[in-house]
Amino acid sequence: MNPRTFRLLPLLAALVLSLLPVALRAQAQPASSLTTLMPLPSTLVPGTGALPINASFTYALLGHSGPYIQQGAVRLLRRIETRTGISLPLAAAAKGQDATLTINVLTDLLETNPQLGDDESYTLDITAQHAQIEAKTWIGALRGMETLLQLVEPSGSQYVLPAVHIADAPRFPWRGLMLDTGRHFLPPAVIYRTLDGMASVKLNVLHWHLTEDQGFRIESKVFPRLQQLGSNGQYYTQQQVREIIAYASARGIRIVPEFDMPGHATSWMVGYPQLGSAPGPFTIADRFGVLDAAMNPIRPGTYTFLDAFLGEMARLFPDHYLHVGGDESNGKEWRANPQIRAFMKAHHMQTTAELQTYFNQRVQTILARHHKQMVGWDEILNPKLPRQAVIQNWHGLEFLTNAAKQGHDTILSHPYYLDHMYSTAEMFLADPLPADSGLTPDQARHILGGEACMWAEDIIPETVDSRIWPRAAAVAERFWSPATDRDVNNMYSRLQVESLRLEAEGLTHLSGPPRILRNLAGTEQIAPLQLFADTLQPVDFGIRGHEQRPSPATVFDRLVDGVRPDTPLNHQFELQVNGALQGNAGDVASLEALFHGWIANAPALDKLEAGSPLLQEDSVHIAAWPKLGQMGLDALQAMRAHKAPPAGWLQQQEATLKAANPRSELVDFVVLKPLQKLVEAAAASPAGN
Ligand code: ACM
């Protein structure tokens with residue numbers, strides 16, 4: 001329609017090329033807010049001028065509006081106030097009156113619980129005089145409000161919204177975050193702030209993993225011994241659940257509950273041992289991993305119980321989808337039970353996987369009776385599984401494509417396991433529907449989107465935010481933004497800004513880790529420890545499990561709990577090393593300052609270590625830190641002098657690098673690979689020149 005309209009990416013590339021060196025290298029002026037949106041909108045056309053935000057900034061609700069839109073608008077104004085320090089009138093202007101911001105909802109989609117496939121598109125137009133959000137639905141209008149908030153920026157002595165035309169819609173309809181509240185209970189306050197973070201980045205499904213071997217976290221009125229005996233008192237009441245659902249709905253977020261079965265179900269059997277395949281009695285699991293307890297799939301009473309329980313949950317949770325887990329049921333108790341073995345033989349079942357499919361067919365029938373559609377982890381995929389079941393991928397990508405080829409709707413999670421400590425870039429680049437997927441258009445339509453997964457073996461309420469955020473914001477962008485959005489440097493530069501915005505929403509990924517560091521150090525003066533922590537990240541889930549063997553009784557107050565995955569230094573360091581290798585003097589100077597800092601702060605870190613038995617657990621990393629600094633300085637010096645270091649130097653550095661991340665300590669230096677590059681380049685300097 002507008003000849004000047006062009007896709008966002010070329011524009012961003014141009015803006016970023018001009019702004020990125022300043023923003024990233026010198027950490028000087030923040031880039032224009034038009035270049036920091038996350039997720040990226042599908043179309044953005046900058047305008048001329050800016051709309052000032054001042055005390056006469058008013059808003060009006062046009063078209064259809066109910067409580068969710070009204071509350072959303074008030075929340076928006078309150079958040080603009082926090083950003084700008086300006087009191088704004090919170091009452092909507094009378095219709096027809098000239099308001100600064102108009103929010104126009106075109107259709108009367110009922111303001112109720114959102115559903116898969118709701119229209120979330122919106123347009124946002126800002127001129128020097130006026131801002132307008134227009135959307136087909138109230139949910140689209142909420143998405144537009146989040147974009148508008150991200151655009152608030154300082155300009156001279158005031159705050160403004162830059163003039164722009166944005167037309168935006170999500171690429172995938174299912175954009176989720178899975179939260180495991182079974183292994184470690186997360187109180188409602190954590191769920192609320194997580195929902196706020198999700199809304200900020202346009203995630204629209206909270207997949208709530210509510211039952212595990214280690215805890216049954218939801219109140220059942222039909223079978224109260226589930227939570228009474230299965231949770232150590234740590235569970236959500238139905239009233240709390242209703243309030244959380246209402247809070248999520250008001251933000252356009254669906255809640256899909258998961259009740260994991262037939263495995264990962266020990267906690268059910270503590271109060272109801274008849275559900276088990278072994279005689280019992282059962283106790284709440286005191287360790288993690290794949291346990292043997294599994295529901296008895298041949299007892300009619302199992303299905304009577306599930307019918308009543310799932311019926312109760314179907315009434316509590318309004319979403320059309322209900323997740324029944326299905327992962328990691330190892331079949332051991334089934335094979336050990338003579339009646340179950342006889343049943344399998346009588347029904348010509350060779351494997352326990354076939355028996356699990358039988359179980360799933362019966363559960364699917366129960367869910368259909370309660371008007372719910374089944375979701376399960378990809379182990380449940382089987383030719384006999386009813387096509388209505390949605391498959392959540394967590395193994396290789398082929399499980400996703402196989403599900404789609406077999407006619408199941410499916411969602412991708414394998415690349416987005418937050419506990420695997422993948423870098424933000426790795427998660428951002430993993431696409432639910434890559435161009436080379438090999439799927440036909442009909443098959444591709446089955447890919448609904450994806451979910452980032454936060455499993456909770458290693459997290460507690462105080463650490464969960466730093467594991468999820470800000471990385472999940474980049475995953476949210478993968479699910480929302482155009483497939484062509486794949487510029488990693490640009491993503492990282494926006495992520496820095498988004499991370500601050502998320503902390504301002506009440507998340508604690510930035511404030512939480514220093515709290516743990518202060519506890520470790522026993523002092524407020526943690527600058528040396530913070531500098532050190534910035535070079536580290538937690539080890540991968542598997543290594544931590546092997547080395548630490550965490551259990552529900554583990555205390556999470558170690559250095560690993562106070563460091564963040566993919567710290568900002570990680571990507572910045574890589575860029576600076578690449579810049580230095582290309583002869584960029586600014587990068588060389590930045591690196592020198594950094595390396596000097598590691599060396600200069602090492603004595604103070606040693607002193608903190610001497611006074612902290614907990615820090616002494618990471619003594620190898622602490623001792624290696626200044627050596628890495630010296631290594632970097634030596635490498636830069638050799639490159640500057642065009643003079644290769646002495647014989648044996650490279651081997652010595654490589655040995656130091658190799659020894660720097662011992663498996664026995666639960667943190668990893670994030671700087672080793674770029675350092676290795678630097679060292680190799682230095683060693684390749686011309687000898688004797
Ligand atoms: C899973 O990670 N066990 C689904």
# chains A, B, ... in the order shown; residues from 1 in each chain; ligands from 1
call {"tool": "closest_atom_pairs", "arguments": {"of": "chain A", "to": "ligand 1", "cutoff": "6 Å", "atoms": "only C-alpha atoms and all ligand atoms", "output": "JSON lines"}}
result
{"residue": "A:Asp327", "atom": "CA", "partner": "ligand 1", "partner_atom_place_in_ligand_line": "3 (N)", "distance": 5.3}
{"residue": "A:Trp377", "atom": "CA", "partner": "ligand 1", "partner_atom_place_in_ligand_line": "4 (C)", "distance": 5.8}
{"residue": "A:Trp394", "atom": "CA", "partner": "ligand 1", "partner_atom_place_in_ligand_line": "4 (C)", "distance": 5.9}
call {"tool": "select_by_dssp", "arguments": {"residues": "range 274-507 of chain A", "states": "helix (DSSP H, G or I)", "output": "tab-separated table (two decimals) with N, CA and C atoms, in the first residue's frame"}}
result
chain	number	residue	atom	x	y	z
A	274	GLN	N	-2.71	-47.89	44.75
A	274	GLN	CA	-3.34	-48.80	43.79
A	274	GLN	C	-3.08	-48.38	42.34
A	275	LEU	N	-2.62	-47.12	42.14
A	275	LEU	CA	-2.31	-46.66	40.77
A	275	LEU	C	-1.04	-47.30	40.23
A	300	PRO	N	-8.66	-51.63	35.42
A	300	PRO	CA	-9.74	-50.69	35.07
A	300	PRO	C	-9.78	-49.51	36.03
A	301	GLY	N	-9.41	-49.77	37.31
A	301	GLY	CA	-9.45	-48.69	38.30
A	301	GLY	C	-8.53	-47.54	37.96
A	302	THR	N	-7.44	-47.80	37.24
A	302	THR	CA	-6.54	-46.71	36.83
A	302	THR	C	-7.31	-45.71	35.97
A	303	TYR	N	-8.13	-46.25	35.05
A	303	TYR	CA	-8.83	-45.36	34.11
A	303	TYR	C	-10.03	-44.68	34.78
A	304	THR	N	-10.65	-45.37	35.72
A	304	THR	CA	-11.73	-44.72	36.48
A	304	THR	C	-11.16	-43.53	37.24
A	305	PHE	N	-9.99	-43.77	37.85
A	305	PHE	CA	-9.33	-42.70	38.61
A	305	PHE	C	-8.97	-41.54	37.67
A	306	LEU	N	-8.32	-41.87	36.54
A	306	LEU	CA	-7.89	-40.81	35.62
A	306	LEU	C	-9.08	-40.06	35.05
A	307	ASP	N	-10.17	-40.77	34.81
A	307	ASP	CA	-11.37	-40.11	34.29
A	307	ASP	C	-11.85	-39.05	35.29
A	308	ALA	N	-11.90	-39.44	36.56
A	308	ALA	CA	-12.38	-38.48	37.56
A	308	ALA	C	-11.38	-37.35	37.77
A	309	PHE	N	-10.10	-37.69	37.83
A	309	PHE	CA	-9.09	-36.65	38.06
A	309	PHE	C	-8.99	-35.71	36.86
A	310	LEU	N	-8.87	-36.27	35.65
A	310	LEU	CA	-8.73	-35.41	34.47
A	310	LEU	C	-10.00	-34.60	34.25
A	311	GLY	N	-11.14	-35.18	34.61
A	311	GLY	CA	-12.40	-34.42	34.51
A	311	GLY	C	-12.35	-33.19	35.41
A	312	GLU	N	-11.84	-33.40	36.62
A	312	GLU	CA	-11.73	-32.27	37.55
A	312	GLU	C	-10.76	-31.21	36.99
A	313	MET	N	-9.64	-31.66	36.46
A	313	MET	CA	-8.66	-30.71	35.92
A	313	MET	C	-9.18	-30.05	34.64
A	314	ALA	N	-9.95	-30.81	33.86
A	314	ALA	CA	-10.52	-30.24	32.62
A	314	ALA	C	-11.47	-29.10	32.95
A	315	ARG	N	-12.13	-29.20	34.09
A	315	ARG	CA	-13.04	-28.11	34.48
A	315	ARG	C	-12.25	-26.92	35.03
A	316	LEU	N	-11.11	-27.20	35.65
A	316	LEU	CA	-10.31	-26.12	36.25
A	316	LEU	C	-9.54	-25.33	35.19
A	332	LYS	N	10.12	-50.93	33.27
A	332	LYS	CA	10.68	-51.97	34.17
A	332	LYS	C	9.62	-52.59	35.06
A	333	GLU	N	8.80	-51.74	35.67
A	333	GLU	CA	7.77	-52.29	36.57
A	333	GLU	C	6.71	-53.06	35.79
A	334	TRP	N	6.48	-52.69	34.55
A	334	TRP	CA	5.51	-53.42	33.74
A	334	TRP	C	6.03	-54.83	33.45
A	335	ARG	N	7.32	-54.88	33.09
A	335	ARG	CA	7.89	-56.21	32.78
A	335	ARG	C	8.02	-57.07	34.03
A	336	ALA	N	8.12	-56.41	35.19
A	336	ALA	CA	8.30	-57.17	36.44
A	336	ALA	C	6.97	-57.70	36.99
A	338	PRO	N	3.72	-59.91	36.75
A	338	PRO	CA	3.26	-61.08	35.97
A	338	PRO	C	1.92	-60.83	35.27
A	339	GLN	N	0.99	-60.12	35.93
A	339	GLN	CA	-0.31	-59.88	35.27
A	339	GLN	C	-0.15	-58.97	34.06
A	340	ILE	N	0.73	-57.99	34.19
A	340	ILE	CA	0.94	-57.08	33.05
A	340	ILE	C	1.61	-57.84	31.91
A	341	ARG	N	2.56	-58.70	32.27
A	341	ARG	CA	3.20	-59.51	31.22
A	341	ARG	C	2.16	-60.39	30.52
A	342	ALA	N	1.26	-60.99	31.30
A	342	ALA	CA	0.23	-61.86	30.71
A	342	ALA	C	-0.70	-61.05	29.80
A	343	PHE	N	-1.01	-59.84	30.23
A	343	PHE	CA	-1.88	-58.96	29.42
A	343	PHE	C	-1.21	-58.65	28.07
A	344	MET	N	0.06	-58.33	28.15
A	344	MET	CA	0.79	-58.01	26.91
A	344	MET	C	0.77	-59.22	25.96
A	345	LYS	N	0.99	-60.40	26.54
A	345	LYS	CA	1.02	-61.61	25.72
A	345	LYS	C	-0.35	-61.84	25.08
A	346	ALA	N	-1.40	-61.71	25.89
A	346	ALA	CA	-2.75	-61.95	25.38
A	346	ALA	C	-3.11	-60.96	24.27
A	352	THR	N	7.00	-52.71	25.70
A	352	THR	CA	6.25	-51.87	26.63
A	352	THR	C	5.81	-50.57	25.95
A	353	ALA	N	6.49	-50.18	24.86
A	353	ALA	CA	6.04	-48.99	24.12
A	353	ALA	C	4.65	-49.23	23.54
A	354	GLU	N	4.40	-50.48	23.08
A	354	GLU	CA	3.07	-50.79	22.56
A	354	GLU	C	2.03	-50.72	23.68
A	355	LEU	N	2.45	-51.17	24.85
A	355	LEU	CA	1.52	-51.10	25.99
A	355	LEU	C	1.25	-49.64	26.35
A	356	GLN	N	2.28	-48.80	26.23
A	356	GLN	CA	2.07	-47.37	26.53
A	356	GLN	C	1.11	-46.75	25.51
A	357	THR	N	1.17	-47.21	24.26
A	357	THR	CA	0.23	-46.70	23.26
A	357	THR	C	-1.20	-47.10	23.63
A	358	TYR	N	-1.35	-48.35	24.09
A	358	TYR	CA	-2.68	-48.78	24.56
A	358	TYR	C	-3.16	-47.85	25.68
A	359	PHE	N	-2.26	-47.57	26.63
A	359	PHE	CA	-2.59	-46.65	27.73
A	359	PHE	C	-3.00	-45.28	27.18
A	360	ASN	N	-2.22	-44.79	26.22
A	360	ASN	CA	-2.51	-43.46	25.65
A	360	ASN	C	-3.85	-43.44	24.92
A	361	GLN	N	-4.17	-44.55	24.24
A	361	GLN	CA	-5.46	-44.59	23.53
A	361	GLN	C	-6.60	-44.44	24.54
A	362	ARG	N	-6.45	-45.12	25.68
A	362	ARG	CA	-7.51	-45.03	26.69
A	362	ARG	C	-7.57	-43.64	27.30
A	363	VAL	N	-6.40	-43.05	27.53
A	363	VAL	CA	-6.37	-41.69	28.10
A	363	VAL	C	-6.96	-40.69	27.10
A	364	GLN	N	-6.63	-40.92	25.83
A	364	GLN	CA	-7.16	-40.03	24.77
A	364	GLN	C	-8.70	-40.07	24.75
A	365	THR	N	-9.26	-41.24	24.92
A	365	THR	CA	-10.72	-41.38	24.96
A	365	THR	C	-11.29	-40.60	26.14
A	366	ILE	N	-10.61	-40.71	27.28
A	366	ILE	CA	-11.07	-39.98	28.47
A	366	ILE	C	-11.01	-38.47	28.21
A	367	LEU	N	-9.89	-38.01	27.63
A	367	LEU	CA	-9.74	-36.57	27.37
A	367	LEU	C	-10.80	-36.09	26.40
A	368	ALA	N	-11.07	-36.89	25.37
A	368	ALA	CA	-12.07	-36.48	24.39
A	368	ALA	C	-13.43	-36.31	25.07
A	369	ARG	N	-13.72	-37.21	26.02
A	369	ARG	CA	-14.99	-37.10	26.75
A	369	ARG	C	-15.05	-35.79	27.53
A	378	ASP	N	7.51	-36.74	22.83
A	378	ASP	CA	7.57	-37.47	21.55
A	378	ASP	C	7.70	-38.99	21.68
A	379	GLU	N	7.93	-39.52	22.88
A	379	GLU	CA	7.92	-40.98	23.03
A	379	GLU	C	6.56	-41.57	22.67
A	380	ILE	N	5.51	-40.77	22.78
A	380	ILE	CA	4.18	-41.35	22.56
A	380	ILE	C	3.85	-41.52	21.08
A	397	LEU	N	15.40	-33.55	15.86
A	397	LEU	CA	14.45	-32.85	14.99
A	397	LEU	C	13.59	-33.84	14.20
A	398	GLU	N	14.13	-35.03	13.94
A	398	GLU	CA	13.38	-36.00	13.12
A	398	GLU	C	12.07	-36.40	13.80
A	399	PHE	N	12.02	-36.30	15.15
A	399	PHE	CA	10.76	-36.63	15.83
A	399	PHE	C	9.68	-35.60	15.49
A	400	LEU	N	10.13	-34.36	15.30
A	400	LEU	CA	9.18	-33.31	14.91
A	400	LEU	C	8.66	-33.57	13.51
A	401	THR	N	9.59	-33.80	12.58
A	401	THR	CA	9.15	-33.97	11.19
A	401	THR	C	8.37	-35.28	11.02
A	402	ASN	N	8.79	-36.33	11.76
A	402	ASN	CA	8.02	-37.58	11.67
A	402	ASN	C	6.58	-37.38	12.15
A	403	ALA	N	6.44	-36.64	13.24
A	403	ALA	CA	5.09	-36.38	13.75
A	403	ALA	C	4.26	-35.64	12.70
A	404	ALA	N	4.87	-34.62	12.08
A	404	ALA	CA	4.14	-33.84	11.07
A	404	ALA	C	3.77	-34.73	9.88
A	405	LYS	N	4.72	-35.60	9.49
A	405	LYS	CA	4.45	-36.47	8.33
A	405	LYS	C	3.34	-37.46	8.64
A	414	HIS	N	13.35	-29.51	21.47
A	414	HIS	CA	14.70	-30.07	21.63
A	414	HIS	C	15.81	-29.01	21.65
A	415	PRO	N	15.81	-28.02	20.76
A	415	PRO	CA	16.92	-27.06	20.79
A	415	PRO	C	16.78	-26.00	21.87
A	416	TYR	N	15.68	-26.01	22.58
A	416	TYR	CA	15.40	-24.89	23.49
A	416	TYR	C	15.38	-25.33	24.95
A	418	LEU	N	16.58	-25.07	28.26
A	418	LEU	CA	17.36	-24.00	28.91
A	418	LEU	C	18.41	-24.56	29.86
A	419	ASP	N	18.20	-25.78	30.37
A	419	ASP	CA	19.17	-26.33	31.32
A	419	ASP	C	20.39	-26.92	30.61
A	420	HIS	N	20.37	-26.98	29.29
A	420	HIS	CA	21.54	-27.45	28.57
A	420	HIS	C	22.55	-26.34	28.32
A	424	THR	N	22.54	-18.27	23.58
A	424	THR	CA	21.35	-17.63	23.03
A	424	THR	C	21.36	-17.77	21.51
A	425	ALA	N	22.54	-17.64	20.91
A	425	ALA	CA	22.64	-17.72	19.45
A	425	ALA	C	22.19	-19.10	18.96
A	426	GLU	N	22.64	-20.14	19.64
A	426	GLU	CA	22.26	-21.49	19.22
A	426	GLU	C	20.74	-21.66	19.26
A	427	MET	N	20.14	-21.18	20.34
A	427	MET	CA	18.69	-21.35	20.46
A	427	MET	C	17.95	-20.48	19.45
A	428	PHE	N	18.48	-19.27	19.25
A	428	PHE	CA	17.85	-18.31	18.33
A	428	PHE	C	17.85	-18.85	16.89
A	429	LEU	N	18.94	-19.53	16.52
A	429	LEU	CA	19.06	-19.98	15.13
A	429	LEU	C	18.28	-21.28	14.86
A	441	PRO	N	3.74	-28.53	2.06
A	441	PRO	CA	2.98	-27.47	2.73
A	441	PRO	C	1.93	-28.02	3.70
A	442	ASP	N	1.29	-29.11	3.33
A	442	ASP	CA	0.28	-29.69	4.22
A	442	ASP	C	0.92	-30.22	5.50
A	443	GLN	N	2.07	-30.86	5.35
A	443	GLN	CA	2.77	-31.36	6.54
A	443	GLN	C	3.29	-30.20	7.39
A	444	ALA	N	3.81	-29.19	6.72
A	444	ALA	CA	4.40	-28.05	7.45
A	444	ALA	C	3.35	-27.35	8.31
A	464	VAL	N	15.74	-19.42	39.18
A	464	VAL	CA	15.05	-19.81	37.93
A	464	VAL	C	15.08	-18.68	36.88
A	465	ASP	N	14.98	-17.44	37.32
A	465	ASP	CA	14.92	-16.34	36.34
A	465	ASP	C	16.19	-16.26	35.50
A	466	SER	N	17.35	-16.43	36.16
A	466	SER	CA	18.60	-16.28	35.40
A	466	SER	C	18.83	-17.45	34.46
A	467	ARG	N	18.11	-18.54	34.64
A	467	ARG	CA	18.21	-19.65	33.69
A	467	ARG	C	17.30	-19.41	32.50
A	468	ILE	N	16.16	-18.76	32.75
A	468	ILE	CA	15.19	-18.54	31.65
A	468	ILE	C	15.56	-17.28	30.83
A	471	ARG	N	17.63	-15.44	27.76
A	471	ARG	CA	17.71	-16.30	26.57
A	471	ARG	C	16.35	-16.59	25.95
A	472	ALA	N	15.32	-16.78	26.82
A	472	ALA	CA	14.00	-17.13	26.28
A	472	ALA	C	13.42	-16.01	25.40
A	473	ALA	N	13.93	-14.79	25.59
A	473	ALA	CA	13.44	-13.69	24.74
A	473	ALA	C	13.86	-13.92	23.29
A	474	ALA	N	15.06	-14.47	23.10
A	474	ALA	CA	15.52	-14.75	21.73
A	474	ALA	C	14.75	-15.93	21.13
A	475	VAL	N	14.37	-16.88	21.97
A	475	VAL	CA	13.55	-17.99	21.50
A	475	VAL	C	12.17	-17.46	21.11
A	476	ALA	N	11.64	-16.55	21.92
A	476	ALA	CA	10.35	-15.94	21.62
A	476	ALA	C	10.40	-15.26	20.25
A	477	GLU	N	11.52	-14.61	19.98
A	477	GLU	CA	11.66	-13.95	18.67
A	477	GLU	C	11.69	-14.98	17.53
A	478	ARG	N	12.36	-16.11	17.77
A	478	ARG	CA	12.38	-17.15	16.73
A	478	ARG	C	10.95	-17.58	16.39
A	479	PHE	N	10.09	-17.66	17.41
A	479	PHE	CA	8.73	-18.14	17.18
A	479	PHE	C	7.83	-17.05	16.57
A	480	TRP	N	8.14	-15.79	16.87
A	480	TRP	CA	7.26	-14.70	16.43
A	480	TRP	C	7.68	-14.11	15.09
A	488	VAL	N	22.75	-12.79	14.17
A	488	VAL	CA	23.07	-13.06	15.57
A	488	VAL	C	23.62	-11.82	16.28
A	489	ASN	N	24.51	-11.08	15.63
A	489	ASN	CA	25.06	-9.88	16.29
A	489	ASN	C	23.97	-8.88	16.60
A	490	ASN	N	23.09	-8.72	15.64
A	490	ASN	CA	21.97	-7.80	15.84
A	490	ASN	C	21.07	-8.28	16.98
A	491	MET	N	20.82	-9.58	17.04
A	491	MET	CA	19.99	-10.14	18.13
A	491	MET	C	20.64	-9.86	19.48
A	492	TYR	N	21.95	-10.10	19.58
A	492	TYR	CA	22.61	-9.89	20.87
A	492	TYR	C	22.56	-8.41	21.28
A	493	SER	N	22.70	-7.52	20.31
A	493	SER	CA	22.69	-6.10	20.68
A	493	SER	C	21.31	-5.69	21.20
A	494	ARG	N	20.25	-6.28	20.64
A	494	ARG	CA	18.90	-5.98	21.14
A	494	ARG	C	18.63	-6.71	22.45
A	495	LEU	N	19.23	-7.89	22.60
A	495	LEU	CA	19.00	-8.67	23.82
A	495	LEU	C	19.52	-7.94	25.07
A	496	GLN	N	20.62	-7.22	24.91
A	496	GLN	CA	21.14	-6.45	26.06
A	496	GLN	C	20.09	-5.48	26.58
A	497	VAL	N	19.41	-4.84	25.64
A	497	VAL	CA	18.38	-3.87	26.02
A	497	VAL	C	17.16	-4.59	26.59
A	498	GLU	N	16.77	-5.67	25.92
A	498	GLU	CA	15.60	-6.42	26.37
A	498	GLU	C	15.81	-6.99	27.77
A	499	SER	N	17.03	-7.38	28.06
A	499	SER	CA	17.33	-7.94	29.37
A	499	SER	C	17.02	-6.91	30.47
A	500	LEU	N	17.40	-5.67	30.23
A	500	LEU	CA	17.09	-4.60	31.20
A	500	LEU	C	15.59	-4.39	31.32
A	501	ARG	N	14.91	-4.42	30.17
A	501	ARG	CA	13.45	-4.23	30.21
A	501	ARG	C	12.80	-5.35	31.02
A	502	LEU	N	13.28	-6.58	30.87
A	502	LEU	CA	12.68	-7.71	31.60
A	502	LEU	C	12.94	-7.58	33.10
A	503	GLU	N	14.13	-7.14	33.47
A	503	GLU	CA	14.40	-6.92	34.90
A	503	GLU	C	13.45	-5.84	35.44
A	504	ALA	N	13.20	-4.82	34.62
A	504	ALA	CA	12.28	-3.76	35.05
A	504	ALA	C	10.86	-4.28	35.23
call {"tool": "residues_around", "arguments": {"residues": "Val74 in chain A", "least_positions_apart": "5", "cutoff": "10 Å", "atoms": "only C-alpha atoms", "output": "NGL selection string"}}
result
:A and (59 or 68-69 or 79-80 or 88-92)
call {"tool": "write_last_selection", "arguments": {"atoms": "N, CA and C atoms", "output": "CSV table (one decimal), in the first residue's frame"}}
result
chain,number,residue,atom,x,y,z
A,59,TYR,N,-5.2,8.5,26.6
A,59,TYR,CA,-5.5,7.4,25.7
A,59,TYR,C,-7.0,7.2,25.6
A,68,TYR,N,-10.1,-6.7,29.9
A,68,TYR,CA,-8.7,-7.1,29.6
A,68,TYR,C,-8.0,-5.9,28.9
A,69,ILE,N,-8.8,-5.3,27.9
A,69,ILE,CA,-8.2,-4.2,27.2
A,69,ILE,C,-8.0,-3.0,28.2
A,79,ARG,N,3.4,1.4,33.3
A,79,ARG,CA,4.8,1.0,32.9
A,79,ARG,C,5.5,2.2,32.2
A,80,ILE,N,4.8,3.0,31.4
A,80,ILE,CA,5.4,4.2,30.8
A,80,ILE,C,5.8,5.1,31.9
A,88,LEU,N,0.8,10.0,34.5
A,88,LEU,CA,-0.1,10.1,33.3
A,88,LEU,C,-1.5,9.9,33.8
A,89,PRO,N,-2.5,10.6,33.1
A,89,PRO,CA,-3.9,10.3,33.5
A,89,PRO,C,-4.3,8.9,33.2
A,90,LEU,N,-4.8,8.1,34.2
A,90,LEU,CA,-5.0,6.7,34.0
A,90,LEU,C,-6.4,6.4,33.4
A,91,ALA,N,-7.3,7.4,33.5
A,91,ALA,CA,-8.7,7.2,33.0
A,91,ALA,C,-8.6,7.4,31.5
A,92,ALA,N,-9.4,6.5,30.8
A,92,ALA,CA,-9.4,6.7,29.3
A,92,ALA,C,-10.2,7.9,29.0
call {"tool": "residues_around", "arguments": {"residues": "Asp557 in chain A", "least_positions_apart": "2", "cutoff": "8 Å", "atoms": "only C-alpha atoms", "output": "PDB file with C-alpha atoms, in the first residue's frame"}}
result
ATOM      1  CA  ILE A 516      24.189 -15.382  45.638  1.00  0.00           C
ATOM      2  CA  ASN A 519      26.304 -14.778  50.153  1.00  0.00           C
ATOM      3  CA  LEU A 520      29.353 -16.666  48.877  1.00  0.00           C
ATOM      4  CA  VAL A 555      21.235 -26.637  48.588  1.00  0.00           C
ATOM      5  CA  LEU A 559      29.074 -20.369  42.531  1.00  0.00           C
ATOM      6  CA  ASP A 561      23.998 -20.920  41.042  1.00  0.00           C
ATOM      7  CA  GLY A 562      25.286 -17.345  41.005  1.00  0.00           C
TER       8      GLY A 562
END
call {"tool": "closest_residue", "arguments": {"among": "A:Ile622, A:Leu149, A:Leu206, A:Ala553", "to": "Arg183 in chain A", "atoms": "only C-alpha atoms"}}
result
A:Ala553
call {"tool": "residues_around", "arguments": {"residues": "Ala644 in chain A", "least_positions_apart": "3", "cutoff": "10 Å", "atoms": "only C-alpha atoms", "output": "ChimeraX atom specification"}}
result
/A:635,637-639,641,647,649-650,681-689
call {"tool": "residues_around", "arguments": {"residues": "Ala655 in chain A", "least_positions_apart": "4", "cutoff": "12 Å", "atoms": "only C-alpha atoms", "output": "ChimeraX atom specification"}}
result
/A:624,627-628,631,648-651,659-661,672,676,679
call {"tool": "write_last_selection", "arguments": {"atoms": "C-alpha atoms", "output": "PDB file, in the first residue's frame"}}
result
ATOM      1  CA  ALA A 624      43.371 -20.098  36.242  1.00  0.00           C
ATOM      2  CA  LYS A 627      46.727 -16.944  33.944  1.00  0.00           C
ATOM      3  CA  LEU A 628      44.123 -16.483  31.227  1.00  0.00           C
ATOM      4  CA  MET A 631      47.890 -15.363  28.276  1.00  0.00           C
ATOM      5  CA  GLY A 648      56.972 -24.041  23.739  1.00  0.00           C
ATOM      6  CA  TRP A 649      54.730 -21.064  24.572  1.00  0.00           C
ATOM      7  CA  LEU A 650      51.815 -22.271  22.455  1.00  0.00           C
ATOM      8  CA  GLN A 651      51.920 -25.751  24.005  1.00  0.00           C
ATOM      9  CA  ALA A 659      43.094 -27.542  32.403  1.00  0.00           C
ATOM     10  CA  ALA A 660      40.988 -24.433  32.985  1.00  0.00           C
ATOM     11  CA  ASN A 661      37.576 -26.177  32.905  1.00  0.00           C
ATOM     12  CA  LEU A 672      38.331 -20.206  26.244  1.00  0.00           C
ATOM     13  CA  GLN A 676      42.497 -20.173  21.915  1.00  0.00           C
ATOM     14  CA  VAL A 679      46.820 -17.615  21.171  1.00  0.00           C
TER      15      VAL A 679
END
call {"tool": "select_by_dssp", "arguments": {"residues": "range 412-489 of chain A", "states": "strand (DSSP E or B)", "output": "JSON, numbers by chain"}}
result
{"A": [412, 417, 447, 448, 449, 450, 451, 452, 453, 454]}
call {"tool": "atom_distance", "arguments": {"atom1": "CA of Glu592 in chain A", "atom2": "CA of Pro662 in chain A"}}
result
25.9 Å
call {"tool": "closest_residue", "arguments": {"among": "A:Ile126, A:Val160, A:Ala521, A:Leu110", "to": "Ala604 in chain A", "atoms": "only C-alpha atoms"}}
result
A:Ala521
